Amino acid sequence: MLDLLIGSLLLGWETLLGYLSQHVVTCLIPAFFIAGAIATFIKKDAILKYFSPETNKLVSYGIASISGTVLAVCSCTILPMFAGILKKGSGLGPAITFLVAGPAINILAIIYTAQVLGLDLGLARALAAVVISILIGLIMMKLFPAHDTETRKTFGAARKAAIASEATRPKWVVPVFFVLLVAILLVGTSALDAFIRLFIVFLITIVIAYLLIYYFTRDEVTDWGMEIWDLTKKIFPILIIGTFALGVLSFFLPAEVFKPFIGDNSILANLFAALVGTILYMPTLLEVPVIGTTLGYLTGSMAKGPALALLLTGPTVSLPSLLVLYRLIGGKKTVVYVCLIIVFATIAGFVFGNVF
């Protein structure tokens with residue numbers, strides 16, 4: 001009994017050290033800085049004002065499907081934000097699109113997925129999340145038109161367009177700032193010699209420091225730092241504890257146990273993965289070590305299709321989130337919503353696993 005306990009703890013420690021040494025410095029730290037900058041320097045009101053039923057559908061659904069990246073939302077904040085935009089007069093379709101895509105296309109999650117599980121799976125996750133969220137939003141809008149009719153009556157006359165603040169700096173500064181942050185991430189995760197990577201990152205950091213000193217206010221820089229800290233304290237401890245726990249669990253349940261259920265790209269394997277993702281609660285980023293280590297994607301025990309299906313459902317829905325959603329939009333909408341997610345995630349996994 002003692003040997004089992006020691007063995008499981010050692011495996012948990014080895015799993016945690018492996019993830020920390022391979023991904024934290026080169027991947028997660030730059031990603032936290034990028035996510036914090038997105039939350040600070042891109043105005044939320046400029047996005048949310050496009051969610052009304054009167055807005056052109058191409059615009060509203062397009063923005064809703066990618067705003068999870070822009071707003072740097074995670075699974076713990078998506079439901080309150082969903083409730084908030086509904087209360088502000090959002091159409092049901094764009095709000096549902098935002099709810100589906102937000103956690104799945106989180107900038108931290110996409111970067112971490114691509115770094116740990118592979119670029120192909122990271123890109124597939126982002127693209128599938130956008131397409132599926134739009135389709136589900138459109139279907140929900142068509143099935144439940146009464147919501148938008150009531151919203152038009154309630155908010156049509158009183159709706160106020162969000163007023164973007166006038167820029168106090170040249171327009172090129174913020175895009176260049178983000179390009180430089182992404183460049184640090186790309187260089188840090190590249191195959192270049194360690195000294196060369198360090199030197200390039202040092203030069204880029206000097207340029208970023210110059211922009212911060214001469215083009216950003218002290219309050220903006222402080223807000224950026226606070227956003228980084230807020231994201232880090234919310235996500236990083238859970239990731240540390242969760243990764244260690246997954247290592248311990250994998251000692252008792254090795255990945256080979258799951259291979260008969262998710263080891264191929266059949267429709268049943270993808271459906272099984274989608275159902276598991278729907279039931280489980282996985283905090284932001286923890287889905288990556290769950291798939292990579294516990295379910296054995298990195299060792300070949302889990303196929304590509306089921307991995308994508310789980311990435312699409314795991315962060316988006318869970319039993320606790322469905323209970324909250326039931327109180328927000330009612331039982332019928334909630335049942336239809338979860339069925340659509342399972343079906344589309346299964347199809348996406350099946351297509352990805354068999355075509356690519």
# chains A, B, ... in the order shown; residues from 1 in each chain; ligands from 1
call {"tool": "residues_around", "arguments": {"residues": "region 109-125 of chain A", "least_positions_apart": "6", "cutoff": "8 Å", "atoms": "only C-alpha atoms", "output": "VMD selection string"}}
result
chain A and resid 23 27 to 28 31 103 189 284 to 285 288 292 297 to 298 304 308 311 to 312 352
call {"tool": "closest_residue", "arguments": {"among": "A:Gly36, A:Gly296, A:Gly12, A:Gly7", "to": "Val221 (chain A)", "atoms": "only C-alpha atoms"}}
result
A:Gly36
call {"tool": "select_by_dssp", "arguments": {"residues": "region 248-286 of chain A", "states": "alpha helix (DSSP H)", "output": "ChimeraX atom specification"}}
result
/A:248-252,259-262,267-279
call {"tool": "write_last_selection", "arguments": {"atoms": "C-alpha atoms", "output": "tab-separated table (two decimals), in the first residue's frame"}}
result
chain	number	residue	atom	x	y	z
A	248	VAL	CA	-1.19	10.57	-9.63
A	249	LEU	CA	-4.38	9.39	-11.36
A	250	SER	CA	-2.44	8.07	-14.36
A	251	PHE	CA	-0.52	5.78	-12.00
A	252	PHE	CA	-3.76	3.96	-11.11
A	259	LYS	CA	-7.52	3.15	-25.63
A	260	PRO	CA	-10.42	0.79	-26.51
A	261	PHE	CA	-12.87	3.70	-26.23
A	262	ILE	CA	-10.92	6.61	-27.79
A	267	ILE	CA	-17.88	7.99	-34.86
A	268	LEU	CA	-18.47	6.11	-31.58
A	269	ALA	CA	-15.03	7.05	-30.23
A	270	ASN	CA	-15.67	10.71	-31.04
A	271	LEU	CA	-19.14	10.57	-29.51
A	272	PHE	CA	-17.72	8.99	-26.35
A	273	ALA	CA	-15.08	11.75	-26.06
A	274	ALA	CA	-17.70	14.46	-26.62
A	275	LEU	CA	-19.94	12.99	-23.91
A	276	VAL	CA	-17.05	12.73	-21.44
A	277	GLY	CA	-16.11	16.35	-22.15
A	278	THR	CA	-19.71	17.41	-21.60
A	279	ILE	CA	-19.92	15.79	-18.17
call {"tool": "residues_around", "arguments": {"residues": "Leu9 (chain A)", "least_positions_apart": "4", "cutoff": "8 Å", "atoms": "only C-alpha atoms", "output": "list in words"}}
result
Leu5, Trp13, Gly247 and Val248 of chain A
call {"tool": "write_last_selection", "arguments": {"atoms": "C-alpha atoms", "output": "CSV table (one decimal), in the first residue's frame"}}
result
chain,number,residue,atom,x,y,z
A,5,LEU,CA,1.2,5.7,-2.6
A,13,TRP,CA,5.7,15.0,-9.3
A,247,GLY,CA,-0.1,12.4,-12.8
A,248,VAL,CA,-1.2,10.6,-9.6
call {"tool": "closest_atom_pairs", "arguments": {"of": "region 24-130 of chain A", "to": "region 231-237 of chain A", "cutoff": "9 Å", "atoms": "only C-alpha atoms", "output": "CSV"}}
result
residue,atom,partner,partner_atom,distance
A:Ile29,CA,A:Thr232,CA,9.0
A:Phe32,CA,A:Thr232,CA,7.0
A:Ala35,CA,A:Leu231,CA,8.2
A:Gly36,CA,A:Leu231,CA,7.3
A:Cys74,CA,A:Ile235,CA,8.8
call {"tool": "closest_residue", "arguments": {"among": "A:Leu99, A:Ala37, A:Leu203, A:Val131", "to": "Glu220 (chain A)", "atoms": "only C-alpha atoms"}}
result
A:Ala37
call {"tool": "atom_distance", "arguments": {"atom1": "CA of Ile241 (chain A)", "atom2": "CA of Ile291 (chain A)"}}
result
16.1 Å
call {"tool": "atom_distance", "arguments": {"atom1": "CA of Leu127 (chain A)", "atom2": "CA of Val355 (chain A)"}}
result
14.9 Å
call {"tool": "residues_around", "arguments": {"residues": "Tyr61 (chain A)", "least_positions_apart": "3", "cutoff": "7 Å", "atoms": "only C-alpha atoms", "output": "list of chain:residue names"}}
result
A:Lys57, A:Leu58, A:Ala64, A:Ser65, A:Pro94, A:Thr97, A:Ile134
